[in-house]
Structures are given as structure tokens and as C-alpha cells.
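Data file: query-v5.tsv. Format and content: TSV, C-alpha atoms and all ligand atoms.
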```tsv
chain	number	residue	atom	x	y	z
A	1	MET	CA	10.20	26.63	3.82
A	2	TRP	CA	10.04	26.88	7.57
A	3	THR	CA	13.38	28.18	8.87
A	4	GLY	CA	14.61	27.38	12.33
A	5	THR	CA	15.54	29.87	15.00
A	6	ASN	CA	17.70	29.16	18.00
A	7	SER	CA	14.90	29.74	20.45
A	8	LYS	CA	14.55	27.01	23.07
A	9	ASP	CA	10.96	26.33	22.04
A	10	VAL	CA	11.93	25.23	18.54
A	11	LYS	CA	14.96	23.15	19.55
A	12	ILE	CA	13.09	19.93	18.85
A	13	GLN	CA	11.77	21.27	15.58
A	14	ASN	CA	15.29	22.14	14.42
A	15	ARG	CA	16.35	18.55	15.04
A	16	LEU	CA	13.34	17.24	13.15
A	17	LEU	CA	14.04	19.61	10.31
A	18	VAL	CA	17.64	18.41	9.97
A	19	ARG	CA	16.69	14.76	10.30
A	20	ASN	CA	13.88	14.99	7.75
A	21	LEU	CA	16.12	16.86	5.31
A	22	ILE	CA	18.71	14.08	5.59
A	23	ARG	CA	15.90	11.57	5.08
A	24	ARG	CA	14.74	13.26	1.88
A	25	PHE	CA	18.02	14.39	0.34
A	26	GLY	CA	20.75	12.24	1.95
A	27	PRO	CA	23.60	11.64	1.42
A	28	ILE	CA	24.01	15.37	2.03
A	29	ALA	CA	26.82	17.60	3.40
A	30	ARG	CA	26.45	19.74	6.51
A	31	TYR	CA	26.89	23.02	4.61
A	32	GLU	CA	24.01	22.01	2.29
A	33	ILE	CA	21.81	21.29	5.32
A	34	ALA	CA	22.59	24.78	6.63
A	35	GLN	CA	21.76	26.31	3.24
A	36	GLU	CA	18.46	24.44	2.94
A	37	THR	CA	17.25	25.00	6.51
A	38	GLY	CA	18.55	28.48	7.18
A	39	LEU	CA	20.14	27.21	10.41
A	40	THR	CA	23.64	28.42	11.24
A	41	PRO	CA	26.52	26.04	10.37
A	42	SER	CA	27.39	25.69	14.07
A	43	THR	CA	23.79	24.70	14.96
A	44	VAL	CA	23.85	22.10	12.17
A	45	THR	CA	27.17	20.75	13.51
A	46	VAL	CA	25.72	20.38	17.03
A	47	ILE	CA	22.50	18.69	15.81
A	48	THR	CA	24.24	16.28	13.42
A	49	ALA	CA	26.70	15.32	16.18
A	50	GLU	CA	23.72	14.43	18.40
A	51	LEU	CA	22.02	12.43	15.65
A	52	LEU	CA	25.28	10.58	14.87
A	53	GLU	CA	25.78	9.81	18.57
A	54	ALA	CA	22.20	8.46	18.80
A	55	GLY	CA	22.77	6.27	15.69
A	56	VAL	CA	19.93	7.97	13.80
A	57	ILE	CA	22.19	9.08	10.95
A	58	ARG	CA	25.57	7.86	9.72
A	59	GLU	CA	28.46	9.07	7.59
A	60	ALA	CA	28.34	8.04	3.94
A	61	GLY	CA	31.66	8.93	2.33
A	62	HIS	CA	32.73	12.30	0.95
A	63	GLY	CA	31.14	14.74	-1.48
A	64	GLU	CA	32.80	16.89	-4.15
A	65	SER	CA	35.14	19.62	-2.93
A	66	THR	CA	33.92	23.19	-3.37
A	67	GLY	CA	37.39	24.61	-2.85
A	68	GLY	CA	38.53	23.23	0.51
A	69	ARG	CA	38.44	19.72	1.96
A	70	ARG	CA	35.88	17.28	0.58
A	71	PRO	CA	32.81	17.43	2.87
A	72	VAL	CA	31.57	14.40	4.83
A	73	LEU	CA	28.14	13.26	3.61
A	74	LEU	CA	25.41	12.21	6.01
A	75	GLU	CA	22.52	9.81	5.49
A	76	LEU	CA	19.81	8.14	7.55
A	77	ASN	CA	20.89	4.97	9.32
A	78	PRO	CA	18.51	2.34	7.88
A	79	THR	CA	18.66	0.21	11.03
A	80	ALA	CA	17.91	3.05	13.48
A	81	ALA	CA	14.24	2.07	13.64
A	82	HIS	CA	11.81	-0.38	12.07
A	83	VAL	CA	8.22	-0.57	10.91
A	84	PHE	CA	6.11	-3.74	11.02
A	85	THR	CA	3.47	-4.05	8.30
A	86	VAL	CA	0.59	-6.41	7.62
A	87	GLN	CA	-1.65	-6.92	4.60
A	88	LEU	CA	-4.88	-8.86	5.20
A	89	GLN	CA	-7.09	-10.68	2.72
A	90	ARG	CA	-9.58	-13.47	3.15
A	91	GLY	CA	-7.62	-16.56	4.22
A	92	GLU	CA	-4.27	-14.82	4.08
A	93	ALA	CA	-2.00	-12.44	5.99
A	94	THR	CA	1.29	-11.14	4.60
A	95	ALA	CA	3.61	-9.40	7.04
A	96	ALA	CA	6.96	-7.69	6.59
A	97	MET	CA	9.57	-5.95	8.69
A	98	PHE	CA	11.02	-2.82	7.13
A	99	GLY	CA	13.89	-0.51	8.03
A	100	ILE	CA	13.32	3.23	7.69
A	101	THR	CA	14.72	3.46	4.17
A	102	CYS	CA	12.07	1.14	2.71
A	103	ASN	CA	14.39	-1.84	3.04
A	104	SER	CA	12.42	-5.04	3.65
A	105	LEU	CA	14.32	-7.25	6.10
A	106	ALA	CA	11.96	-10.22	6.30
A	107	GLU	CA	8.55	-11.15	4.92
A	108	HIS	CA	6.08	-14.01	5.24
A	109	THR	CA	2.67	-14.98	3.94
A	110	TYR	CA	0.45	-17.03	6.25
A	111	HIS	CA	-2.63	-18.95	5.21
A	112	LEU	CA	-5.12	-18.81	8.04
A	113	ASP	CA	-8.77	-18.74	8.94
A	114	THR	CA	-9.59	-15.03	8.85
A	115	ASP	CA	-13.17	-15.47	10.14
A	116	THR	CA	-12.16	-14.84	13.75
A	117	PRO	CA	-10.41	-11.51	14.42
A	118	ASP	CA	-8.85	-12.83	17.66
A	119	GLU	CA	-7.10	-15.62	15.76
A	120	VAL	CA	-5.88	-13.20	13.09
A	121	VAL	CA	-4.45	-10.89	15.76
A	122	GLU	CA	-2.73	-13.81	17.50
A	123	THR	CA	-1.16	-14.90	14.18
A	124	ILE	CA	0.00	-11.32	13.57
A	125	GLY	CA	1.60	-11.35	17.04
A	126	LEU	CA	3.43	-14.62	16.35
A	127	CYS	CA	4.48	-13.31	12.97
A	128	PHE	CA	5.93	-10.18	14.58
A	129	GLU	CA	8.04	-12.33	16.90
A	130	GLN	CA	9.23	-14.49	14.00
A	131	LEU	CA	10.15	-11.50	11.84
A	132	VAL	CA	12.04	-9.83	14.71
A	133	ARG	CA	14.09	-13.03	15.09
A	134	GLU	CA	14.70	-13.44	11.37
A	135	ALA	CA	15.64	-9.80	10.83
A	136	ASP	CA	17.82	-10.07	13.94
A	137	ILE	CA	16.71	-6.73	15.38
A	138	ASP	CA	15.87	-5.34	18.81
A	139	PRO	CA	12.02	-5.38	19.12
A	140	ASP	CA	12.19	-2.01	20.89
A	141	THR	CA	13.38	-0.42	17.64
A	142	VAL	CA	10.05	-1.33	15.96
A	143	LEU	CA	8.15	1.92	16.44
A	144	TRP	CA	4.96	1.55	14.44
A	145	CYS	CA	2.74	-1.04	12.86
A	146	GLY	CA	0.89	-0.36	9.59
A	147	VAL	CA	-2.03	-2.57	8.52
A	148	ALA	CA	-3.80	-2.71	5.14
A	149	CYS	CA	-7.22	-4.31	5.42
A	150	PRO	CA	-10.14	-4.79	2.99
A	151	GLY	CA	-13.51	-3.19	3.73
A	152	LEU	CA	-14.82	-0.02	5.32
A	153	VAL	CA	-11.99	1.09	7.56
A	154	SER	CA	-12.19	4.01	9.93
A	155	SER	CA	-8.46	4.71	9.99
A	156	ASP	CA	-8.74	7.50	12.58
A	157	ARG	CA	-10.05	4.97	15.10
A	158	GLY	CA	-8.37	1.86	13.73
A	159	VAL	CA	-11.76	0.16	13.39
A	160	VAL	CA	-12.85	-2.13	10.55
A	161	GLU	CA	-16.52	-1.10	10.42
A	162	ARG	CA	-17.50	-3.72	7.88
A	163	SER	CA	-15.59	-6.08	5.64
A	164	SER	CA	-17.65	-8.45	3.51
A	165	ASN	CA	-14.35	-9.93	2.30
A	166	LEU	CA	-13.33	-10.97	5.83
A	167	GLY	CA	-16.88	-11.25	7.21
A	168	TRP	CA	-16.10	-8.71	9.96
A	169	LEU	CA	-18.34	-6.14	11.61
A	170	LYS	CA	-17.05	-3.37	13.92
A	171	VAL	CA	-13.68	-4.91	14.74
A	172	PRO	CA	-11.32	-2.58	16.69
A	173	LEU	CA	-8.36	-4.07	14.84
A	174	GLY	CA	-5.83	-1.30	15.62
A	175	GLU	CA	-6.45	-1.54	19.36
A	176	MET	CA	-6.36	-5.37	19.31
A	177	ILE	CA	-3.06	-5.55	17.42
A	178	GLY	CA	-1.56	-2.77	19.57
A	179	ARG	CA	-2.42	-4.72	22.72
A	180	ARG	CA	-0.93	-7.95	21.30
A	181	LEU	CA	2.26	-6.07	20.38
A	182	GLY	CA	2.76	-4.63	23.86
A	183	GLY	CA	1.28	-1.19	23.27
A	184	MET	CA	2.77	-0.47	19.84
A	185	PRO	CA	0.89	2.26	17.94
A	186	VAL	CA	-0.98	0.87	14.91
A	187	HIS	CA	-2.35	2.55	11.80
A	188	VAL	CA	-5.07	0.64	9.94
A	189	GLU	CA	-5.92	1.67	6.37
A	190	ASN	CA	-8.20	0.35	3.65
A	191	ILE	CA	-6.26	-1.94	1.32
A	192	SER	CA	-6.92	0.08	-1.88
A	193	ASN	CA	-6.12	3.40	-0.24
A	194	ALA	CA	-2.84	1.93	1.00
A	195	ALA	CA	-2.07	0.59	-2.50
A	196	ALA	CA	-2.86	3.99	-4.07
A	197	LEU	CA	-0.38	5.64	-1.72
A	198	ALA	CA	2.23	3.01	-2.53
A	199	GLU	CA	1.81	3.72	-6.24
A	200	LYS	CA	2.41	7.42	-5.56
A	201	GLU	CA	5.47	6.77	-3.38
A	202	TYR	CA	7.11	3.79	-5.06
A	203	GLY	CA	5.19	2.79	-8.19
A	204	LEU	CA	3.89	4.12	-11.51
A	205	GLY	CA	2.13	7.04	-9.80
A	206	ARG	CA	5.36	8.74	-8.75
A	207	GLY	CA	5.12	12.43	-9.47
A	208	TYR	CA	1.32	12.38	-9.89
A	209	SER	CA	-0.98	13.91	-7.32
A	210	ASP	CA	-4.26	12.74	-8.91
A	211	LEU	CA	-4.46	9.01	-9.34
A	212	VAL	CA	-6.78	6.07	-8.87
A	213	PHE	CA	-5.72	2.56	-7.94
A	214	VAL	CA	-8.26	-0.15	-8.79
A	215	ASN	CA	-7.89	-3.34	-6.77
A	216	LEU	CA	-9.12	-6.32	-8.81
A	217	SER	CA	-8.90	-9.01	-6.21
A	218	VAL	CA	-11.21	-10.99	-3.89
A	219	GLY	CA	-12.94	-7.63	-3.57
A	220	VAL	CA	-13.05	-4.81	-6.12
A	221	SER	CA	-12.46	-1.30	-4.81
A	222	ALA	CA	-10.57	1.87	-5.60
A	223	GLY	CA	-8.09	4.05	-3.74
A	224	ILE	CA	-8.48	7.65	-4.91
A	225	LEU	CA	-5.78	10.29	-4.44
A	226	VAL	CA	-6.77	13.90	-4.98
A	227	ASN	CA	-4.02	16.51	-4.64
A	228	GLY	CA	-1.77	13.79	-3.27
A	229	GLU	CA	-4.15	12.91	-0.41
A	230	ILE	CA	-6.49	9.94	0.04
A	231	TYR	CA	-10.04	10.98	-0.83
A	232	GLY	CA	-12.14	9.30	1.86
A	233	GLY	CA	-15.47	11.13	1.77
A	234	VAL	CA	-17.29	11.94	5.02
A	235	GLN	CA	-16.30	8.80	6.92
A	236	GLY	CA	-13.25	7.68	4.98
A	237	TYR	CA	-15.10	4.93	3.13
A	238	ALA	CA	-15.06	6.36	-0.42
A	239	GLY	CA	-13.85	4.20	-3.31
A	240	GLU	CA	-16.25	1.24	-2.99
A	241	ILE	CA	-16.58	1.11	-6.73
A	242	GLY	CA	-17.03	-2.68	-6.70
A	243	HIS	CA	-20.56	-2.09	-5.41
A	244	VAL	CA	-21.61	0.26	-8.20
A	245	SER	CA	-24.45	-1.41	-10.11
A	246	TYR	CA	-23.42	-3.15	-13.34
A	247	ILE	CA	-26.40	-5.39	-14.05
A	248	PRO	CA	-29.48	-3.54	-12.78
A	249	GLU	CA	-31.91	-6.49	-12.79
A	250	ASN	CA	-31.36	-10.09	-11.63
A	251	GLY	CA	-27.58	-9.94	-11.69
A	252	PRO	CA	-25.40	-12.39	-9.74
A	253	ARG	CA	-25.39	-12.11	-5.95
A	254	CYS	CA	-22.63	-9.93	-4.48
A	255	ALA	CA	-20.82	-10.37	-1.13
A	256	CYS	CA	-22.51	-7.13	0.03
A	257	GLY	CA	-25.93	-8.83	-0.18
A	258	ARG	CA	-27.22	-7.01	-3.27
A	259	ARG	CA	-27.28	-8.24	-6.85
A	260	GLY	CA	-25.49	-7.14	-10.00
A	261	CYS	CA	-22.58	-5.14	-8.49
A	262	PHE	CA	-19.35	-4.97	-10.51
A	263	GLU	CA	-17.68	-7.08	-7.81
A	264	ALA	CA	-20.18	-9.89	-8.43
A	265	VAL	CA	-19.00	-9.96	-12.06
A	266	CYS	CA	-15.30	-9.12	-12.02
A	267	SER	CA	-13.89	-10.13	-8.62
A	268	ALA	CA	-11.13	-12.76	-8.62
A	269	ARG	CA	-13.61	-15.35	-7.35
A	270	ALA	CA	-16.25	-14.56	-9.99
A	271	VAL	CA	-13.67	-14.72	-12.77
A	272	LEU	CA	-12.29	-18.04	-11.52
A	273	GLU	CA	-15.82	-19.46	-11.44
A	274	ARG	CA	-16.37	-18.30	-15.02
A	275	ILE	CA	-13.13	-19.95	-16.13
A	276	LYS	CA	-14.16	-23.18	-14.38
A	277	ALA	CA	-17.46	-23.08	-16.23
A	278	ALA	CA	-15.68	-22.57	-19.56
A	279	VAL	CA	-12.88	-25.14	-19.22
A	280	GLY	CA	-13.48	-28.89	-18.97
A	281	GLU	CA	-12.17	-31.11	-16.18
A	282	GLU	CA	-9.91	-32.99	-18.62
A	283	GLU	CA	-8.34	-29.81	-19.90
A	284	PHE	CA	-7.47	-28.78	-16.33
A	285	ALA	CA	-6.02	-32.26	-15.74
A	286	GLN	CA	-3.86	-31.99	-18.89
A	287	TYR	CA	-2.02	-29.14	-17.19
A	288	GLY	CA	-1.77	-30.94	-13.84
A	289	LEU	CA	-4.58	-28.87	-12.26
A	290	SER	CA	-7.71	-29.99	-10.47
A	291	LYS	CA	-10.88	-28.21	-11.53
A	292	ASP	CA	-12.31	-28.55	-8.00
A	293	THR	CA	-9.42	-27.05	-6.06
A	294	VAL	CA	-7.59	-24.86	-8.57
A	295	LYS	CA	-6.58	-21.41	-7.30
A	296	LEU	CA	-6.39	-18.36	-9.52
A	297	ARG	CA	-2.67	-18.05	-8.79
A	298	GLU	CA	-2.02	-21.61	-10.05
A	299	LEU	CA	-3.99	-20.92	-13.17
A	300	LEU	CA	-2.06	-17.72	-13.85
A	301	ASN	CA	1.21	-19.67	-13.64
A	302	SER	CA	-0.03	-22.42	-15.97
A	303	PRO	CA	0.13	-22.42	-19.82
A	304	LEU	CA	-3.63	-23.10	-19.63
A	305	VAL	CA	-4.06	-19.36	-19.13
A	306	LYS	CA	-3.23	-18.86	-22.82
A	307	SER	CA	-6.03	-21.18	-24.00
A	308	GLU	CA	-8.83	-19.74	-26.08
A	309	ALA	CA	-11.46	-20.48	-23.42
A	310	VAL	CA	-9.56	-18.68	-20.65
A	311	GLN	CA	-8.68	-15.74	-22.90
A	312	ARG	CA	-12.36	-15.35	-23.74
A	313	VAL	CA	-13.10	-14.94	-20.02
A	314	VAL	CA	-10.20	-12.46	-19.75
A	315	GLU	CA	-11.78	-10.49	-22.59
A	316	GLU	CA	-15.20	-10.49	-20.86
A	317	THR	CA	-13.53	-9.39	-17.63
A	318	GLY	CA	-11.71	-6.60	-19.49
A	319	HIS	CA	-15.06	-5.50	-20.89
A	320	ALA	CA	-16.59	-5.14	-17.39
A	321	VAL	CA	-13.45	-3.58	-15.88
A	322	GLY	CA	-13.28	-1.23	-18.88
A	323	ILE	CA	-16.79	0.05	-18.16
A	324	LEU	CA	-15.83	0.51	-14.51
A	325	VAL	CA	-12.68	2.44	-15.46
A	326	ALA	CA	-14.55	4.54	-18.06
A	327	ASN	CA	-16.91	5.62	-15.25
A	328	LEU	CA	-13.89	6.62	-13.16
A	329	VAL	CA	-12.39	8.58	-16.06
A	330	ASN	CA	-15.66	10.44	-16.66
A	331	LEU	CA	-16.12	11.11	-12.96
A	332	LEU	CA	-12.60	12.03	-11.84
A	333	ASN	CA	-10.40	12.56	-14.92
A	334	PRO	CA	-7.32	11.36	-13.01
A	335	ARG	CA	-3.83	11.59	-14.54
A	336	ILE	CA	-3.33	7.84	-14.15
A	337	ILE	CA	-5.47	4.81	-13.30
A	338	ILE	CA	-3.45	1.85	-12.07
A	339	LEU	CA	-4.92	-1.65	-12.12
A	340	GLY	CA	-3.65	-4.01	-9.46
A	341	GLY	CA	-4.72	-7.06	-7.46
A	342	GLU	CA	-4.66	-10.68	-8.58
A	343	LEU	CA	-6.56	-10.14	-11.84
A	344	SER	CA	-4.03	-7.60	-13.10
A	345	ALA	CA	-1.69	-10.59	-13.60
A	346	PHE	CA	-3.71	-11.40	-16.75
A	347	GLY	CA	-1.50	-8.65	-18.17
A	348	ALA	CA	-1.54	-7.10	-21.64
A	349	PRO	CA	-4.70	-8.85	-23.01
A	350	LEU	CA	-6.73	-7.54	-20.05
A	351	LEU	CA	-5.26	-4.04	-20.33
A	352	ARG	CA	-5.89	-3.89	-24.09
A	353	LYS	CA	-9.58	-4.68	-23.63
A	354	VAL	CA	-9.92	-2.18	-20.77
A	355	GLU	CA	-8.35	0.58	-22.87
A	356	GLU	CA	-10.63	-0.27	-25.78
A	357	GLU	CA	-13.74	0.05	-23.59
A	358	VAL	CA	-12.54	3.26	-21.96
A	359	LYS	CA	-12.08	4.84	-25.40
A	360	LEU	CA	-15.60	3.83	-26.35
A	361	ARG	CA	-17.30	4.84	-23.12
A	362	SER	CA	-15.64	7.99	-21.80
A	363	LEU	CA	-15.39	11.47	-23.29
A	364	GLU	CA	-12.40	11.90	-25.57
A	365	GLU	CA	-11.10	15.02	-23.82
A	366	LEU	CA	-11.06	13.10	-20.54
A	367	HIS	CA	-9.60	9.75	-21.59
A	368	LYS	CA	-6.89	11.41	-23.69
A	369	SER	CA	-5.36	12.84	-20.52
A	370	SER	CA	-5.88	9.75	-18.32
A	371	SER	CA	-3.44	6.90	-18.81
A	372	ILE	CA	-4.30	3.34	-17.74
A	373	GLN	CA	-1.51	1.06	-16.53
A	374	LEU	CA	-0.97	-2.27	-14.78
A	375	SER	CA	0.75	-1.95	-11.40
A	376	ASN	CA	4.38	-3.05	-11.36
A	377	LEU	CA	4.55	-3.49	-7.57
A	378	ARG	CA	3.79	-7.23	-7.89
A	379	GLY	CA	0.99	-7.31	-5.33
A	380	ALA	CA	3.10	-5.62	-2.64
A	381	GLY	CA	1.27	-2.27	-2.98
A	382	PRO	CA	-0.94	-2.52	0.14
A	383	LEU	CA	2.03	-3.61	2.27
A	384	LEU	CA	4.19	-0.75	0.96
A	385	GLY	CA	1.34	1.72	1.47
A	386	ALA	CA	0.84	0.56	5.07
A	387	TYR	CA	4.59	1.02	5.50
A	388	ALA	CA	4.52	4.55	4.02
A	389	LEU	CA	1.65	5.56	6.32
A	390	ALA	CA	3.32	4.15	9.44
A	391	LEU	CA	6.63	5.74	8.44
A	392	GLU	CA	4.96	9.15	8.20
A	393	LYS	CA	3.93	8.68	11.83
A	394	VAL	CA	7.46	7.69	12.84
A	395	PHE	CA	8.74	10.90	11.29
A	396	SER	CA	6.01	13.16	12.61
A	397	LEU	CA	6.55	15.82	15.20
A	398	GLU	CA	4.01	14.16	17.52
A	399	GLU	CA	5.88	10.89	17.55
A	400	TRP	CA	9.16	12.64	18.22
A	401	ALA	CA	7.64	14.56	21.13
A	402	ALA	CA	5.80	11.52	22.55
A	403	ASN	CA	8.58	9.01	22.23
A	404	ALA	CA	11.53	10.41	24.13
A	405	ALA	CA	13.20	7.01	24.38
A	406	VAL	CA	13.74	6.46	20.67
A	407	ARG	CA	14.15	9.74	18.84
A	408	VAL	CA	14.69	8.51	15.37
B	501	ZN	ZN	-21.97	-5.41	-3.87
```
Rewrite the structure from the file as C-alpha cells, please.
Ligand SMILES: [Zn+2]
Amino acid sequence: MWTGTNSKDVKIQNRLLVRNLIRRFGPIARYEIAQETGLTPSTVTVITAELLEAGVIREAGHGESTGGRRPVLLELNPTAAHVFTVQLQRGEATAAMFGITCNSLAEHTYHLDTDTPDEVVETIGLCFEQLVREADIDPDTVLWCGVACPGLVSSDRGVVERSSNLGWLKVPLGEMIGRRLGGMPVHVENISNAAALAEKEYGLGRGYSDLVFVNLSVGVSAGILVNGEIYGGVQGYAGEIGHVSYIPENGPRCACGRRGCFEAVCSARAVLERIKAAVGEEEFAQYGLSKDTVKLRELLNSPLVKSEAVQRVVEETGHAVGILVANLVNLLNPRIIILGGELSAFGAPLLRKVEEEVKLRSLEELHKSSSIQLSNLRGAGPLLGAYALALEKVFSLEEWAANAAVRV
């Protein structure tokens, strides 16, 4: 561990060290902070007094006595700063305002026309204003914005290079949102990468450094974590597993323009179409649904989902997803593969079929050590991942140095 010195040059770093230790291990006593950091008790007293004065940390009761008086415990003040996050999908934007201890203060989903980036950015701006009002916070305490977006995302530059899901080409989304939010820094990440990170931080992937998240939604793609980091390939676009060929000749048309990709067979839209082809209009009507306008979400909430015809489509989908996952197991041998996105709501019957196929189609030594699970983050993965990424920025040395006004 890096240990602080009292040199003037590392004064800022000492403060960061103390603050980040409180973030990770709080509530924590001052003497424990001194032990962990190697700073002298008097330096810790000075720094914690400053952080208390600035409202960055707060007192949180007393710890156990180690002989003398019971020590005062310190923890991060959850309202010291905020992070604004957005998750985009075709026709839909979900936004949330978080405190810095992963506490969601307000959240909304908007249905909108996502064809025009300018309109999406304007909606995000309005949403920010609404969430600030609802959460009843000072907008100046919102330090970063995190965005999870489908498609090929160059997160270094905040540019969506191409998204067949949204129909976008070379959209400088980070810059556009930053401008709309009065210069706020923005981090844009691919939706599956963000969800993979969320699984590692808050979901079933906790404690695992090698995991794959498979997004089974409007698009099909994977977020791959290797040694705890997003594996992006040369340009950061890796994980487009939905466009791996599944039917080599004359397969159905895919959103990418080619034929026979996995996404053309097992995306949410393709599966819904297959269900519509298998279930009669009258059967839909029996359950109060319209065959023409039914959404996958409505179907998932209806008892119709348990019908033989729908379960047959679920089984076929599990077959295709199972082949996809078996390829991932053979290729990467990750500790855990987590299935998320709308289709994962088909639950146990889907998972059973996927596991069956993986056993058949991947090497025993590999699949024995790779577990396959359904995400338990209830679709909030991308939003939580965008939050985790933006929060890292808030707590980075660069942000501290650059943002003298709000030293969280
Ligand atoms: Zn494709």
C-alpha cells in the first residue's frame, strides 16, 4: 500500500488516501485510518477535521473501546456529491440521480424517439432538471454524468461510432450531453460493458475478476471482464457477439445489414416475432393482449407466457443462446457468465435450456468451472455500471486536482 509522507507535494494525496479509505471501509475510527495508511495520528486528525468541515464525511456513532474511550467512527456523507446516470435503448431513456454511496434518490424512464440524437440529449437535459428537483439537491453537487449506450462506443472520446440499435453514426454523445448540462464531465460506455461492471460491483459477479455479461435485449452483445477490467480490444468495441454467424446461409436479416447473426435469431424483437407467429390472435385476446401491439414486457407479465406455444419459443431461444454461451465458455473459460436484458426474464426454463446446450457444446473441463446465472439486478445493470464508472472519476486524483471547488 502507498503510505503517505508529510511532504507538501503529497498533501493532496494524503487527503485522497484518507477519504478513499473511509469510502471503502467506513464507518472507521481515526486510529484505524492511521494504522492502514501509515500516516501519523495527528495528520489523520487534521485531515478528518477538514473533511468533516467540508461535509465530505460525517460521524457515525462510536466503535468498540480498545481500553480507553470508545472511538468516534467516520463515514462518507452520502449527500456530499451526486452522480447523474442515463441508460439508453431504442425508444427509451432511463435516468437516475445517485448519491456517492450508491443510493438512488430519483429515477425515471422516458419513452421517446431515439432516432435524433439532439432530441435525446434535450430529453436527458430536461430529465436532469426534473431529477435535481425531485431529489431536492443543489445541481452544483452533481459532479459527473455516466451514460450506458448500445453500439460501438469509443468511451475515451465519448463518441458512439455506430449503433444499429439507435440508428446512430458517429455521434459525439459525451460532448453533446456535457454541453447541455452546463459543462459537466460525461463518461459514455457500451451498455453491456457497463452491465458487466455492475455485476462485478453490485451483482452476482462480486468477487470474480473474470466474467462475461450477455445482454439479451433489443441487441445482443457481451461485456467481458478480464482481470477485473473491461476487455475492449484495439478500439474498445469487443464483445459484439450478437453478430457472430449462427446460420451461415440465407438466415434472417440482422440490424447490422448481414444475414444469420445470432442477434437476428435471439434478440428481444426476433423472439417476440416468433411468439406472435406461434400464438393466435384469439389467444392473445383471451389474456387481454393485442397481437398487433403487444410488447415483450406485457407478455412476460401475462399468464400467457406459461402457455405451451410460448414455452416452445423460449426453448428454441435457449437453444440458440446456449450455443452462443458455449462458444464463450470455449473461448474465454470465464468464472461466471451472467445473462441479462429483457429475455432473461423468461427465467428458469430459459436458463435450463442454455445450461443443457453448454454442457453438450463446450469442453467438460471448461464448462465445469464456468457457472451460468441469470442477473438479479432487474435490468438496472447498465445504469449501475454507468454510475460505478462515473463514481470512479469522482474519486480519482485527477478530478480532485481539477475540481478545487468541490473536493469530495
Ligand atoms: Zn448482425
So the first atom is CA of Ser267 (chain A) and the second is CA of Gly146 (chain A); what is the distance between them in Å, to one decimal place?
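Separation between CA of Ser267 (chain A) and CA of Gly146 (chain A): 25.4 Å.
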If you count only C-alpha atoms and all ligand atoms, which residues end up within 7 Å of ligand ZN 501 (chain B), as a CSV table (one decimal) with C-alpha atoms, in the coordinates of the input?
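Once everything was written out, this is out-v4.csv:
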```csv
chain,number,residue,atom,x,y,z
A,242,GLY,CA,-17.0,-2.7,-6.7
A,243,HIS,CA,-20.6,-2.1,-5.4
A,254,CYS,CA,-22.6,-9.9,-4.5
A,255,ALA,CA,-20.8,-10.4,-1.1
A,256,CYS,CA,-22.5,-7.1,0.0
A,257,GLY,CA,-25.9,-8.8,-0.2
A,258,ARG,CA,-27.2,-7.0,-3.3
A,259,ARG,CA,-27.3,-8.2,-6.8
A,261,CYS,CA,-22.6,-5.1,-8.5
A,263,GLU,CA,-17.7,-7.1,-7.8
A,264,ALA,CA,-20.2,-9.9,-8.4
```
Within 8 Å of (11.3, -4.8, 7.0) in the file's own coordinates, which protein, DNA or RNA residues have an atom, counting only C-alpha atoms? List them as a CSV table (one decimal) with C-alpha atoms, in the coordinates of the input.
```
chain,number,residue,atom,x,y,z
A,82,HIS,CA,11.8,-0.4,12.1
A,83,VAL,CA,8.2,-0.6,10.9
A,84,PHE,CA,6.1,-3.7,11.0
A,85,THR,CA,3.5,-4.0,8.3
A,96,ALA,CA,7.0,-7.7,6.6
A,97,MET,CA,9.6,-6.0,8.7
A,98,PHE,CA,11.0,-2.8,7.1
A,99,GLY,CA,13.9,-0.5,8.0
A,102,CYS,CA,12.1,1.1,2.7
A,103,ASN,CA,14.4,-1.8,3.0
A,104,SER,CA,12.4,-5.0,3.6
A,105,LEU,CA,14.3,-7.2,6.1
A,106,ALA,CA,12.0,-10.2,6.3
A,107,GLU,CA,8.6,-11.2,4.9
A,135,ALA,CA,15.6,-9.8,10.8
```
I need the residue nearest Val153 (chain A) from this list: A:Ile275, A:Leu76, A:Ala238, A:Ala93. Use all atoms listed in the file for the distance.
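Closest to Val153 (chain A), using all atoms listed in the file: A:Ala238.
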The centre and edge lengths of an axis-aligned box containing all atoms of region 330-345 of chain A present in the file, extended by 5 Å on each side, are to be given in Å to one decimal, as JSON.
```
{"center_x": -8.9, "center_y": 0.9, "center_z": -12.1, "size_x": 24.4, "size_y": 33.2, "size_z": 19.2}
```
As a check of understanding: the span from CA of Met184 (chain A) to CA of Trp144 (chain A) is 6.2 Å
